[in-house]
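Raw entry.cif, mmCIF, C-alpha atoms:
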data_start
loop_
_atom_site.label_atom_id
_atom_site.label_comp_id
_atom_site.auth_asym_id
_atom_site.auth_seq_id
_atom_site.Cartn_x
_atom_site.Cartn_y
_atom_site.Cartn_z
CA MET D 1485 -59.39 -65.63 -88.96
CA GLU D 1486 -59.25 -61.93 -89.90
CA ILE D 1487 -62.94 -61.95 -90.78
CA LEU D 1488 -63.91 -63.74 -87.59
CA TRP D 1489 -61.80 -61.40 -85.48
CA SER D 1490 -63.35 -58.30 -87.03
CA ARG D 1491 -66.91 -59.61 -87.27
CA GLY D 1492 -67.13 -61.96 -84.34
CA GLU D 1493 -69.39 -65.02 -84.52
CA SER D 1494 -70.21 -65.89 -88.13
CA ASN D 1495 -71.61 -68.74 -90.14
CA VAL D 1496 -70.08 -70.07 -93.37
CA ARG D 1497 -72.16 -67.82 -95.58
CA ASP D 1498 -71.14 -64.68 -93.66
CA VAL D 1499 -67.48 -65.57 -94.06
CA ALA D 1500 -67.83 -66.53 -97.73
CA GLU D 1501 -69.41 -63.15 -98.48
CA ARG D 1502 -66.52 -61.27 -96.92
CA VAL D 1503 -63.57 -63.16 -98.37
CA ASP D 1504 -61.42 -61.00 -100.72
CA ARG D 1505 -61.69 -63.36 -103.68
CA PRO D 1506 -64.74 -65.39 -104.74
CA LEU D 1507 -64.62 -68.81 -103.09
CA ALA D 1508 -67.09 -71.64 -103.23
CA TYR D 1509 -69.31 -72.07 -100.18
CA THR D 1510 -67.97 -75.60 -99.71
CA THR D 1511 -64.35 -74.36 -99.78
CA VAL D 1512 -65.05 -71.88 -96.99
CA MET D 1513 -66.96 -74.56 -95.07
CA THR D 1514 -64.06 -77.00 -95.34
CA THR D 1515 -61.56 -74.32 -94.30
CA LEU D 1516 -63.59 -73.35 -91.24
CA ASP D 1517 -64.05 -77.01 -90.35
CA ARG D 1518 -60.28 -77.54 -90.56
CA LEU D 1519 -59.61 -74.48 -88.38
CA PHE D 1520 -62.10 -75.87 -85.86
CA LYS D 1521 -60.37 -79.27 -85.89
CA LYS D 1522 -57.04 -77.54 -85.35
CA GLY D 1523 -58.48 -75.93 -82.24
CA LEU D 1524 -58.37 -72.38 -83.57
CA LEU D 1525 -62.15 -71.91 -83.71
CA ASP D 1526 -65.12 -72.71 -81.51
CA ARG D 1527 -68.40 -73.67 -83.10
CA ARG D 1528 -71.97 -74.22 -82.09
CA LYS D 1529 -74.98 -75.31 -84.01
CA ALA D 1530 -77.71 -72.75 -84.54
CA GLU D 1531 -80.72 -73.94 -86.46
CA ARG D 1532 -79.14 -76.02 -89.21
CA ALA D 1533 -75.84 -74.20 -89.59
CA PHE D 1534 -72.66 -74.00 -87.60
CA ILE D 1535 -71.70 -70.65 -86.07
CA TYR D 1536 -67.94 -70.21 -85.79
CA ALA D 1537 -66.00 -67.95 -83.41
CA PRO D 1538 -62.26 -67.53 -82.86
CA ARG D 1539 -61.01 -69.37 -79.81
CA LEU D 1540 -58.17 -66.86 -79.29
CA SER D 1541 -58.19 -63.09 -79.58
CA ARG D 1542 -55.91 -61.62 -82.24
CA GLN D 1543 -53.46 -60.56 -79.51
CA ASP D 1544 -53.38 -64.04 -77.95
CA TRP D 1545 -53.00 -65.57 -81.38
CA GLU D 1546 -50.03 -63.34 -82.23
CA ARG D 1547 -48.50 -64.11 -78.85
CA GLN D 1548 -48.92 -67.83 -79.51
CA CYS D 1549 -47.39 -67.46 -82.98
CA ALA D 1550 -44.47 -65.61 -81.48
CA GLY D 1551 -44.10 -68.36 -78.89
CA GLU D 1552 -44.12 -70.97 -81.64
CA LEU D 1553 -41.57 -69.04 -83.60
CA VAL D 1554 -39.43 -68.72 -80.51
CA ALA D 1555 -39.79 -72.44 -79.90
CA GLY D 1556 -38.84 -72.98 -83.52
CA LEU D 1557 -35.77 -70.85 -83.10
CA SER D 1558 -34.66 -72.96 -80.17
CA GLY D 1559 -34.72 -75.98 -82.44
CA GLU D 1560 -32.47 -76.60 -85.36
CA LEU D 1561 -33.34 -73.81 -87.72
CA LEU D 1562 -30.87 -72.43 -90.21
CA ILE D 1563 -31.38 -68.87 -89.06
CA SER D 1564 -29.04 -66.13 -87.93
CA CYS D 1565 -30.87 -64.12 -85.30
CA PHE D 1566 -29.92 -60.58 -84.40
CA LEU D 1567 -30.32 -61.57 -80.77
CA ASP D 1568 -31.21 -64.92 -79.22
CA ASN D 1569 -34.91 -64.83 -78.60
CA VAL D 1570 -34.87 -65.47 -74.86
CA GLY D 1571 -35.96 -63.41 -71.89
CA HIS D 1572 -33.44 -61.02 -70.34
CA ASP D 1573 -33.08 -59.70 -66.84
CA PRO D 1574 -34.68 -56.19 -66.81
CA ALA D 1575 -32.08 -54.95 -64.30
CA LEU D 1576 -29.32 -55.95 -66.70
CA LEU D 1577 -31.06 -54.15 -69.56
CA ASP D 1578 -31.34 -51.00 -67.41
CA ASP D 1579 -27.66 -51.25 -66.62
CA LEU D 1580 -26.71 -51.70 -70.27
CA GLU D 1581 -28.89 -48.75 -71.28
CA ARG D 1582 -27.09 -46.58 -68.71
CA LYS D 1583 -23.74 -47.60 -70.18
CA ILE D 1584 -24.93 -46.81 -73.71
CA LYS D 1585 -26.16 -43.37 -72.63
CA MET D 1586 -22.80 -42.65 -70.99
CA LYS D 1587 -20.99 -43.76 -74.13
CA ARG D 1588 -23.19 -41.54 -76.29
CA LYS D 1589 -22.50 -38.57 -74.01
CA GLU D 1590 -18.79 -39.30 -74.27
CA LEU D 1591 -19.01 -39.45 -78.05
CA GLU D 1592 -20.95 -36.18 -78.19
CA GLY D 1593 -18.40 -34.59 -75.85
CA ARG D 1594 -15.62 -35.57 -78.23
CA LYS D 1595 -17.44 -33.96 -81.13
CA LEU D 1596 -17.72 -30.60 -79.37
CA MET L 532 -20.94 -106.57 -109.40
CA THR L 533 -22.69 -108.95 -106.99
CA PRO L 534 -24.91 -107.92 -104.06
CA SER L 535 -22.41 -109.38 -101.57
CA TYR L 536 -19.59 -107.38 -103.21
CA LEU L 537 -21.68 -104.22 -102.93
CA SER L 538 -22.78 -104.90 -99.38
CA ARG L 539 -19.14 -105.46 -98.37
CA LEU L 540 -18.29 -102.13 -100.00
CA LEU L 541 -21.04 -100.40 -98.03
CA LEU L 542 -19.98 -102.12 -94.82
CA LEU L 543 -16.35 -101.20 -95.39
CA SER L 544 -17.20 -97.58 -96.24
CA SER L 545 -19.40 -97.20 -93.20
CA ALA L 546 -16.87 -98.83 -90.85
CA SER L 547 -14.01 -96.71 -92.27
CA PHE L 548 -16.14 -93.57 -91.93
CA PHE L 549 -16.76 -94.40 -88.28
CA VAL L 550 -13.10 -95.17 -87.48
CA VAL L 551 -11.72 -92.07 -89.22
CA LEU L 552 -14.45 -89.84 -87.79
CA MET L 553 -13.85 -91.06 -84.22
CA PHE L 554 -10.08 -90.73 -84.56
CA PHE L 555 -10.14 -87.13 -85.81
CA ALA L 556 -13.07 -86.15 -83.57
CA ALA L 557 -11.08 -87.39 -80.54
CA LEU L 558 -8.08 -85.42 -81.76
CA VAL L 559 -10.15 -82.25 -82.23
CA ALA L 560 -11.86 -82.76 -78.84
CA LEU L 561 -8.41 -83.01 -77.28
CA ILE L 562 -7.19 -79.74 -78.74
CA ALA L 563 -10.56 -77.92 -78.48
CA PRO L 564 -9.85 -76.12 -75.16
CA ALA L 565 -6.53 -74.82 -76.51
CA ALA L 566 -8.21 -73.80 -79.78
CA ILE L 567 -10.91 -71.90 -77.88
CA ARG L 568 -8.25 -70.12 -75.82
CA ARG L 569 -6.40 -69.27 -79.02
CA ALA L 570 -9.61 -68.06 -80.68
CA SER L 571 -10.22 -65.64 -77.80
CA THR L 572 -6.96 -63.87 -78.71
CA LEU L 573 -7.87 -63.53 -82.40
CA ARG L 574 -10.13 -61.08 -84.18
CA PRO L 575 -13.68 -62.49 -84.29
CA ARG L 576 -13.67 -63.31 -87.99
CA ARG L 577 -10.46 -65.32 -87.80
CA ALA L 578 -11.58 -66.93 -84.56
CA ALA L 579 -14.87 -67.95 -86.17
CA ARG L 580 -13.02 -69.47 -89.13
CA LEU L 581 -10.64 -71.41 -86.88
CA LEU L 582 -13.48 -72.77 -84.73
CA LEU L 583 -15.64 -73.68 -87.72
CA SER L 584 -12.76 -75.44 -89.48
CA LEU L 585 -12.06 -77.53 -86.40
CA ARG L 586 -15.74 -78.31 -85.91
CA LEU L 587 -16.10 -79.56 -89.49
CA LEU L 588 -12.68 -81.19 -89.81
CA PRO L 589 -13.47 -84.72 -88.50
CA ALA L 590 -16.53 -85.19 -90.71
CA ALA L 591 -14.83 -83.65 -93.75
CA LEU L 592 -11.77 -85.88 -93.37
CA ALA L 593 -13.86 -88.99 -92.76
CA ALA L 594 -15.95 -88.30 -95.88
CA THR L 595 -12.83 -87.58 -97.96
CA VAL L 596 -10.97 -90.69 -96.80
CA VAL L 597 -13.95 -92.90 -97.64
CA THR L 598 -14.61 -91.41 -101.08
CA ALA L 599 -11.01 -90.79 -102.16
CA LEU L 600 -9.30 -93.83 -100.64
CA CYS L 601 -11.54 -96.60 -99.36
CA VAL L 602 -13.94 -96.88 -102.27
CA PRO L 603 -11.30 -96.68 -105.04
CA SER L 604 -8.96 -99.15 -103.29
CA TYR L 605 -11.81 -101.59 -102.75
CA LEU L 606 -13.00 -101.35 -106.35
CA ARG L 607 -9.47 -101.82 -107.64
CA PHE L 608 -8.14 -104.60 -105.42
CA GLU L 609 -11.04 -106.50 -103.96
CA PRO L 610 -11.79 -109.67 -105.98
CA LEU L 611 -15.39 -110.01 -107.11
CA MET L 612 -15.71 -113.47 -105.58
CA THR L 613 -14.42 -113.90 -102.05
CA ASN L 614 -15.32 -115.92 -98.97
CA GLU L 615 -14.23 -113.29 -96.50
CA GLN L 616 -16.63 -112.67 -93.66
CA ALA L 617 -16.91 -109.39 -91.79
CA GLY L 618 -15.79 -109.58 -88.16
CA LEU L 619 -17.89 -108.44 -85.22
CA VAL L 620 -15.79 -105.32 -84.66
CA SER L 621 -16.08 -104.17 -88.25
CA LEU L 622 -19.79 -104.94 -88.27
CA THR L 623 -20.30 -102.89 -85.11
CA ALA L 624 -18.23 -100.03 -86.54
CA ALA L 625 -20.26 -100.16 -89.76
CA ILE L 626 -23.57 -100.05 -87.90
CA LEU L 627 -22.40 -97.15 -85.73
CA GLY L 628 -21.01 -95.34 -88.78
CA ALA L 629 -24.28 -95.76 -90.67
CA ALA L 630 -26.28 -94.63 -87.62
CA ILE L 631 -24.13 -91.53 -87.10
CA LEU L 632 -24.22 -90.65 -90.79
CA GLY L 633 -27.96 -91.29 -91.03
CA LEU L 634 -28.64 -89.12 -88.00
CA ALA L 635 -26.46 -86.31 -89.37
CA ILE L 636 -28.24 -86.42 -92.74
CA TYR L 637 -31.60 -86.48 -90.95
CA ARG L 638 -30.61 -83.45 -88.83
CA GLY L 639 -29.43 -81.56 -91.91
CA CYS L 640 -32.54 -82.35 -93.95
CA SER L 641 -34.82 -81.67 -90.99
CA ALA L 642 -33.17 -78.28 -90.39
CA LEU L 643 -33.56 -77.43 -94.08
CA LEU L 644 -37.20 -78.44 -94.07
CA ARG L 645 -38.01 -76.65 -90.80
CA SER L 646 -36.33 -73.50 -92.08
CA ALA L 647 -38.28 -73.63 -95.33
CA LEU L 648 -41.51 -74.13 -93.34
CA TYR L 649 -40.56 -71.31 -91.00
CA LEU L 650 -40.13 -68.99 -93.98
CA ARG L 651 -43.45 -70.08 -95.47
CA ARG L 652 -45.22 -69.61 -92.15
CA SER L 653 -43.68 -66.23 -91.42
CA ASP L 654 -46.47 -64.49 -93.22
CA GLY L 655 -44.82 -61.21 -94.22
CA ARG L 656 -44.66 -58.55 -96.89
CA GLU L 657 -41.65 -57.50 -98.94
CA SER L 658 -40.44 -53.97 -98.46
CA ARG L 659 -37.36 -51.73 -98.72
CA VAL L 660 -35.95 -50.50 -95.42
CA GLU L 661 -32.72 -48.47 -95.21
CA GLY L 662 -31.82 -49.61 -98.73
CA GLU L 663 -32.25 -53.31 -97.91
CA THR L 664 -34.94 -55.61 -99.23
CA VAL L 665 -36.60 -57.07 -96.15
CA TRP L 666 -39.64 -59.12 -95.19
CA ILE L 667 -41.73 -57.46 -92.55
CA VAL L 668 -43.42 -60.11 -90.43
CA PRO L 669 -46.21 -59.51 -87.92
CA GLN L 670 -44.97 -61.89 -85.25
CA GLY L 671 -41.84 -62.00 -83.10
CA ALA L 672 -39.69 -59.13 -81.93
CA GLY L 673 -36.43 -58.95 -83.75
CA LEU L 674 -34.47 -59.40 -86.93
CA ALA L 675 -33.22 -62.59 -88.51
CA LEU L 676 -31.67 -63.88 -91.68
CA ALA L 677 -33.41 -67.03 -92.83
CA GLY L 678 -32.67 -69.41 -95.68
CA ILE L 679 -29.59 -70.84 -97.33
CA TRP L 680 -29.34 -70.09 -101.01
CA ARG L 681 -31.26 -66.83 -101.19
CA PRO L 682 -31.48 -65.82 -97.54
CA ARG L 683 -34.37 -63.57 -96.62
CA LEU L 684 -33.98 -60.78 -94.12
CA LEU L 685 -36.92 -60.86 -91.73
CA ILE L 686 -37.84 -57.99 -89.48
CA SER L 687 -40.78 -57.99 -87.13
CA GLU L 688 -43.27 -55.14 -87.09
CA GLY L 689 -42.39 -54.64 -83.42
CA ALA L 690 -38.70 -54.17 -84.17
CA LEU L 691 -39.45 -51.91 -87.13
CA ALA L 692 -41.55 -49.66 -84.92
CA GLY L 693 -39.33 -49.91 -81.86
CA LEU L 694 -35.91 -49.18 -83.35
CA SER L 695 -34.73 -45.71 -84.28
CA SER L 696 -33.48 -45.14 -87.81
CA ASP L 697 -29.76 -45.36 -86.89
CA GLN L 698 -30.37 -48.49 -84.81
CA LEU L 699 -32.33 -50.08 -87.63
CA ALA L 700 -29.67 -49.23 -90.22
CA VAL L 701 -26.85 -50.80 -88.22
CA ALA L 702 -28.97 -53.84 -87.24
CA LEU L 703 -29.68 -54.42 -90.94
CA ARG L 704 -25.96 -54.08 -91.70
CA HIS L 705 -25.35 -56.75 -89.04
CA GLU L 706 -27.78 -59.15 -90.73
CA HIS L 707 -26.36 -58.27 -94.14
CA SER L 708 -22.97 -59.29 -92.84
CA HIS L 709 -24.37 -62.73 -91.92
CA ARG L 710 -25.61 -62.97 -95.50
CA VAL L 711 -22.20 -62.09 -96.96
CA SER L 712 -20.51 -64.61 -94.64
CA ARG L 713 -23.02 -67.30 -95.64
CA ASP L 714 -23.50 -68.11 -91.97
CA ASN L 715 -26.71 -70.05 -92.56
CA LEU L 716 -24.91 -72.36 -94.98
CA LYS L 717 -22.26 -72.87 -92.30
CA ARG L 718 -25.04 -73.74 -89.85
CA LEU L 719 -26.24 -76.39 -92.29
CA LEU L 720 -22.72 -77.84 -92.63
CA ILE L 721 -22.51 -77.99 -88.84
CA ARG L 722 -25.79 -79.92 -88.73
CA LEU L 723 -24.40 -82.35 -91.30
CA ALA L 724 -21.15 -82.86 -89.38
CA PRO L 725 -21.78 -85.25 -86.49
CA ALA L 726 -20.77 -83.94 -83.06
CA VAL L 727 -19.68 -87.24 -81.54
CA PHE L 728 -18.02 -85.62 -78.52
CA PRO L 729 -19.49 -82.81 -76.38
CA ARG L 730 -16.43 -80.65 -77.02
CA LEU L 731 -17.39 -80.43 -80.69
CA ARG L 732 -20.62 -78.80 -79.50
CA THR L 733 -18.59 -76.37 -77.42
CA LEU L 734 -16.64 -75.43 -80.55
CA GLU L 735 -19.95 -74.85 -82.27
CA GLN L 736 -21.24 -72.57 -79.50
CA GLU L 737 -17.98 -70.61 -79.57
CA TRP L 738 -18.28 -70.30 -83.34
CA VAL L 739 -21.79 -68.86 -82.97
CA LYS L 740 -20.49 -66.25 -80.52
CA HIS L 741 -17.57 -65.22 -82.70
CA ALA L 742 -19.72 -65.20 -85.85
CA GLU L 743 -22.02 -62.72 -84.09
CA TRP L 744 -19.08 -60.57 -83.02
CA ALA L 745 -17.68 -60.68 -86.55
CA ALA L 746 -21.05 -59.53 -87.91
CA ASP L 747 -21.07 -56.73 -85.29
CA ASP L 748 -17.60 -55.62 -86.43
CA ARG L 749 -18.55 -55.61 -90.08
CA ALA L 750 -21.71 -53.66 -89.31
CA THR L 751 -19.97 -50.98 -87.26
CA GLU L 752 -16.63 -50.80 -89.13
CA GLY L 753 -14.94 -49.31 -86.08
CA ASP L 754 -17.27 -46.33 -85.96
CA GLY L 755 -18.09 -45.36 -82.35
CA GLU L 756 -21.52 -43.93 -83.21
CA ARG L 757 -22.52 -47.04 -85.09
CA SER L 758 -21.24 -49.27 -82.28
CA ALA L 759 -23.35 -47.36 -79.74
CA ALA L 760 -26.36 -47.57 -82.06
CA LEU L 761 -25.89 -51.33 -82.47
CA ALA L 762 -25.55 -51.78 -78.71
CA ALA L 763 -28.73 -49.74 -78.22
CA ALA L 764 -30.51 -51.82 -80.88
CA LEU L 765 -29.53 -55.04 -79.08
CA VAL L 766 -30.91 -53.79 -75.78
CA ARG L 767 -34.05 -52.45 -77.46
CA VAL L 768 -34.73 -55.80 -79.15
CA ALA L 769 -34.08 -57.59 -75.85
CA ARG L 770 -36.70 -55.32 -74.23
CA LEU L 771 -39.21 -56.00 -77.01
CA GLN L 772 -38.64 -59.73 -76.64
CA SER L 773 -39.10 -59.66 -72.90
CA GLY L 774 -42.77 -58.82 -73.41
CA MET L 775 -43.33 -62.05 -75.26
CA ALA L 776 -44.38 -65.40 -73.85
CA MET L 777 -41.35 -67.67 -73.61
CA PRO L 778 -41.40 -71.43 -73.93
CA GLU L 779 -40.32 -73.18 -70.77
CA LEU L 780 -37.44 -75.12 -72.20
CA MET L 781 -35.13 -72.45 -73.50
CA THR L 782 -31.46 -71.67 -73.39
CA SER L 783 -30.33 -70.68 -69.93
CA LEU L 784 -31.35 -67.09 -69.30
CA VAL L 785 -28.14 -66.47 -67.39
CA ALA L 786 -26.05 -67.53 -70.36
CA ALA L 787 -28.18 -65.34 -72.64
CA ASP L 788 -27.73 -62.37 -70.29
CA GLU L 789 -23.98 -62.94 -70.17
CA ASP L 790 -23.77 -63.11 -73.95
CA LEU L 791 -25.78 -59.92 -74.36
CA ALA L 792 -23.77 -58.04 -71.73
CA GLN L 793 -20.50 -59.23 -73.26
CA ARG L 794 -21.61 -58.16 -76.73
CA VAL L 795 -22.77 -54.71 -75.63
CA ASP L 796 -19.64 -54.11 -73.51
CA ARG L 797 -17.50 -55.15 -76.45
CA LEU L 798 -19.24 -52.68 -78.74
CA LEU L 799 -18.94 -49.85 -76.25
CA ASP L 800 -15.41 -50.52 -75.06
CA ALA L 801 -13.42 -50.81 -78.24
CA PRO L 802 -15.10 -50.48 -81.61
CA THR L 803 -13.10 -52.73 -83.89
CA VAL L 804 -12.72 -52.85 -87.63
CA ALA L 805 -13.37 -56.15 -89.37
CA GLU L 806 -10.00 -57.40 -90.59
CA THR L 807 -9.21 -58.52 -94.11
CA PRO L 808 -9.35 -62.28 -94.51
CA ASN L 809 -6.19 -64.26 -93.83
CA ARG L 810 -6.56 -67.85 -94.85
CA ARG L 811 -3.16 -69.13 -93.65
CA PHE L 812 -4.60 -71.71 -91.24
CA GLU L 813 -7.06 -73.11 -93.79
CA THR L 814 -4.38 -73.18 -96.49
CA ILE L 815 -1.95 -75.12 -94.29
CA ALA L 816 -4.65 -77.54 -93.09
CA PHE L 817 -5.97 -78.05 -96.62
CA ALA L 818 -2.46 -78.58 -98.07
CA SER L 819 -1.61 -81.10 -95.32
CA ALA L 820 -4.82 -83.03 -95.91
CA VAL L 821 -4.26 -83.05 -99.67
CA LEU L 822 -0.67 -84.26 -99.22
CA LEU L 823 -1.70 -87.00 -96.78
CA ILE L 824 -4.67 -88.21 -98.79
CA GLY L 825 -2.82 -87.76 -102.09
CA GLY L 826 0.12 -89.78 -100.74
CA LEU L 827 -2.18 -92.57 -99.66
CA ALA L 828 -4.07 -92.41 -102.94
CA LEU L 829 -0.81 -93.15 -104.76
CA ASN L 830 -0.56 -96.31 -102.70
CA LEU L 831 -4.06 -97.72 -102.83
CA ARG L 832 -2.64 -101.21 -102.22
CA LEU L 833 -1.54 -100.11 -98.74
CA VAL L 834 -5.01 -98.63 -98.13
CA HIS L 835 -6.57 -101.91 -99.21
CA VAL L 836 -4.38 -103.90 -96.81
CA LEU L 837 -5.38 -101.57 -93.98
CA LEU L 838 -9.03 -101.98 -94.87
CA GLU L 839 -8.69 -105.76 -95.01
CA ASN L 840 -7.35 -105.68 -91.47
CA LEU L 841 -10.24 -103.48 -90.41
CA LEU L 842 -12.76 -105.81 -91.99
CA ASP L 843 -11.39 -109.08 -90.58
#
Could the structure of this file be written out as structure tokens, please?
Amino acid sequence: MEILWSRGESNVRDVAERVDRPLAYTTVMTTLDRLFKKGLLDRRKAERAFIYAPRLSRQDWERQCAGELVAGLSGELLISCFLDNVGHDPALLDDLERKIKMKRKELEGRKL
Amino acid sequence: MTPSYLSRLLLLSSASFFVVLMFFAALVALIAPAAIRRASTLRPRRAARLLLSLRLLPAALAATVVTALCVPSYLRFEPLMTNEQAGLVSLTAAILGAAILGLAIYRGCSALLRSALYLRRSDGRESRVEGETVWIVPQGAGLALAGIWRPRLLISEGALAGLSSDQLAVALRHEHSHRVSRDNLKRLLIRLAPAVFPRLRTLEQEWVKHAEWAADDRATEGDGERSAALAAALVRVARLQSGMAMPELMTSLVAADEDLAQRVDRLLDAPTVAETPNRRFETIAFASAVLLIGGLALNLRLVHVLLENLLD
């Protein structure tokens, strides 16, 4: 995915040449085919080879991963989260920030 | 040992598990509101222990009664050859017992598996932050402790960049406190203990809240500056999370807002020191259970008669 994000549309050979470690052409081909079947890549045929392109931008992909992780957290995971990963009312957050600032001022006042 | 002898043992164990579980679960459900009220007057760590003990009690007692009383009494007194037939009630109880137990084991195993997969999928890199070994992960917006036996402290790149150094230090102390308390193992035990009445779930939710408060107390150790930093870290993480896409079916936002506000207010109002453990309640409960089960174990014949009545 990293290669396709940085390079854009690529065929199997392009990807195989840019992978960190030496991989067989068929391994890269199978991997790209699997990513296509999972809906992560688009592909079109050009001449006799497939050209692959990421279906999601890196940002969208990360957002989707985060969403999946959030969805995972809502299930039965054995995880202690610092804060439940749910949306919060911005007005409430503003209010809490005000309280924290006041508390900090109070603490600084005590120090002086 | 014949197949019919074994199948009767399984049926009897399952039916006894169901009966004992339902009896103690009903008892715990009955006293749950009072226990929650009592917990609200205790320091968070003690409150969390009380709530967790009550949540696990029915399943623990049911499992102990079956393994320490039912099985030995059956093996000792039940003749190998018998014409006794199981009654409809006992058969129903056995089926329900097996279903409840099976579901609980499935939930426990599934949670273990999902957590292991979550850790494998959270594609991160190991690093040292504020003296703690952490895994920095690209996705998400927060901190979490994941895993049971060797829990891994995960921190998202967003949180790492978004929190100031004092906020990060106290947030890591909070997660470290979850590690010391083995809270993820407790979560697994909760999954394995069937919640046959909704009030057992309420106990569980209350335990989660008090476990968080206890971790806050251990992280801040009554220090006002640290408490303010932890409160600020909570709000900062909440802000970071609000930029993320949320699945539609999530915990009620109102409840989440209330919990956050309550936690921040608590930190700002009265920084509290985590108290030293006092295990009086557990000791009394454990001693009572040992005495009761030990007493019955000395009279396995009586247990066998009771089981015969259950089976017929």
Shortest interatomic distance to Val559 of chain L - which of L:Leu619, L:Leu719, L:Leu592, L:Ile686, counting all atoms listed in the file
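Residue with the minimum atom-to-atom distance to Val559 of chain L: L:Leu592.
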Suppose a student applies the PyMOL selection byres ((chain L) within 8 of (chain D)) to this structure; what residues should they get, written as an NGL selection string?
:L and (638 or 641-643 or 645-646 or 649 or 669-671 or 673-679 or 702 or 705-706 or 709 or 714-716 or 718-719 or 755-756 or 759 or 762-763 or 765-766 or 768-770 or 772-773 or 775-778 or 781-782 or 784 or 787-788 or 792 or 795 or 799)
Answer key for the PyMOL selection byres ((chain L and resi 735) around 12), residues as a PyMOL selection string:
chain L and resi 560+563+567+578-587+717-722+724-726+728-734+736-742
Measure the distance from atom CA of Arg1539 of chain D to atom CA of Thr1515 of chain D in Å and round it to one decimal.
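Separation between atom CA of Arg1539 of chain D and atom CA of Thr1515 of chain D: 15.3 Å.
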Surrounding residues of Ala1533 of chain D excluding itself and chain neighbours under 2 positions, 12 Å, only C-alpha atoms, as a PDB file with C-alpha atoms, in the coordinates of the input:
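The result, stored in result_27.pdb:
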ATOM      1  CA  SER D1494     -70.210 -65.890 -88.130  1.00  0.00           C
ATOM      2  CA  ASN D1495     -71.610 -68.740 -90.140  1.00  0.00           C
ATOM      3  CA  VAL D1496     -70.080 -70.070 -93.370  1.00  0.00           C
ATOM      4  CA  ARG D1497     -72.160 -67.820 -95.580  1.00  0.00           C
ATOM      5  CA  ASP D1498     -71.140 -64.680 -93.660  1.00  0.00           C
ATOM      6  CA  MET D1513     -66.960 -74.560 -95.070  1.00  0.00           C
ATOM      7  CA  ARG D1527     -68.400 -73.670 -83.100  1.00  0.00           C
ATOM      8  CA  ARG D1528     -71.970 -74.220 -82.090  1.00  0.00           C
ATOM      9  CA  LYS D1529     -74.980 -75.310 -84.010  1.00  0.00           C
ATOM     10  CA  ALA D1530     -77.710 -72.750 -84.540  1.00  0.00           C
ATOM     11  CA  GLU D1531     -80.720 -73.940 -86.460  1.00  0.00           C
ATOM     12  CA  ILE D1535     -71.700 -70.650 -86.070  1.00  0.00           C
ATOM     13  CA  TYR D1536     -67.940 -70.210 -85.790  1.00  0.00           C
TER      14      TYR D1536
END
Quick check, in Å to one decimal: how far apart do atom CA of Phe608 of chain L and atom CA of Gly826 of chain L lie?
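Result for atom CA of Phe608 of chain L versus atom CA of Gly826 of chain L: 17.6 Å, one decimal.
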Go ahead and compute the interatomic distance for atom CA of Asp697 of chain L and atom CA of Leu650 of chain L, in Å to one decimal.
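Result for atom CA of Asp697 of chain L versus atom CA of Leu650 of chain L: 26.8 Å, one decimal.
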Applying 12 Å and all atoms listed in the file, which residues near segment 816-823 of chain L remain after dropping the ones on its own chain fewer than 6 positions away? List them as a list in words.
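Non-adjacent residues within range: Leu581, Ser584, Leu585, Leu588, Pro589, Ala591, Leu592, Ala593, Thr595, Val596, Ala599, Leu600, Arg810, Leu829 and Asn830 of chain L.
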Around all listed atoms of segment 696-706 of chain L, padded 8 Å per side, what centre and edge lengths does the axis-aligned box have in Å to one decimal, as lines of an AutoDock Vina configuration file?
center_x = -29.4
center_y = -52.1
center_z = -88.3
size_x = 24.1
size_y = 30.0
size_z = 22.9
What's around Val660 of chain L at 12 Å? Count all atoms listed in the file, leave out sequence neighbours fewer than 4 positions away in its own chain, and write the answer as number ranges by chain.
L: 656, 664-667, 684-686, 691-692, 696-697, 699-704
Output check: residues returned by the PyMOL selection byres ((chain L and resi 536) around 9), as number ranges by chain
L: 532-535, 537-541, 609-613
Kindly indicate which residue among L:Ser758, L:Ser687, L:Ser547, L:Ser708 lies nearest to Arg797 of chain L, using all atoms listed in the file for the distances.
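Closest to Arg797 of chain L of all the choices is L:Ser758.
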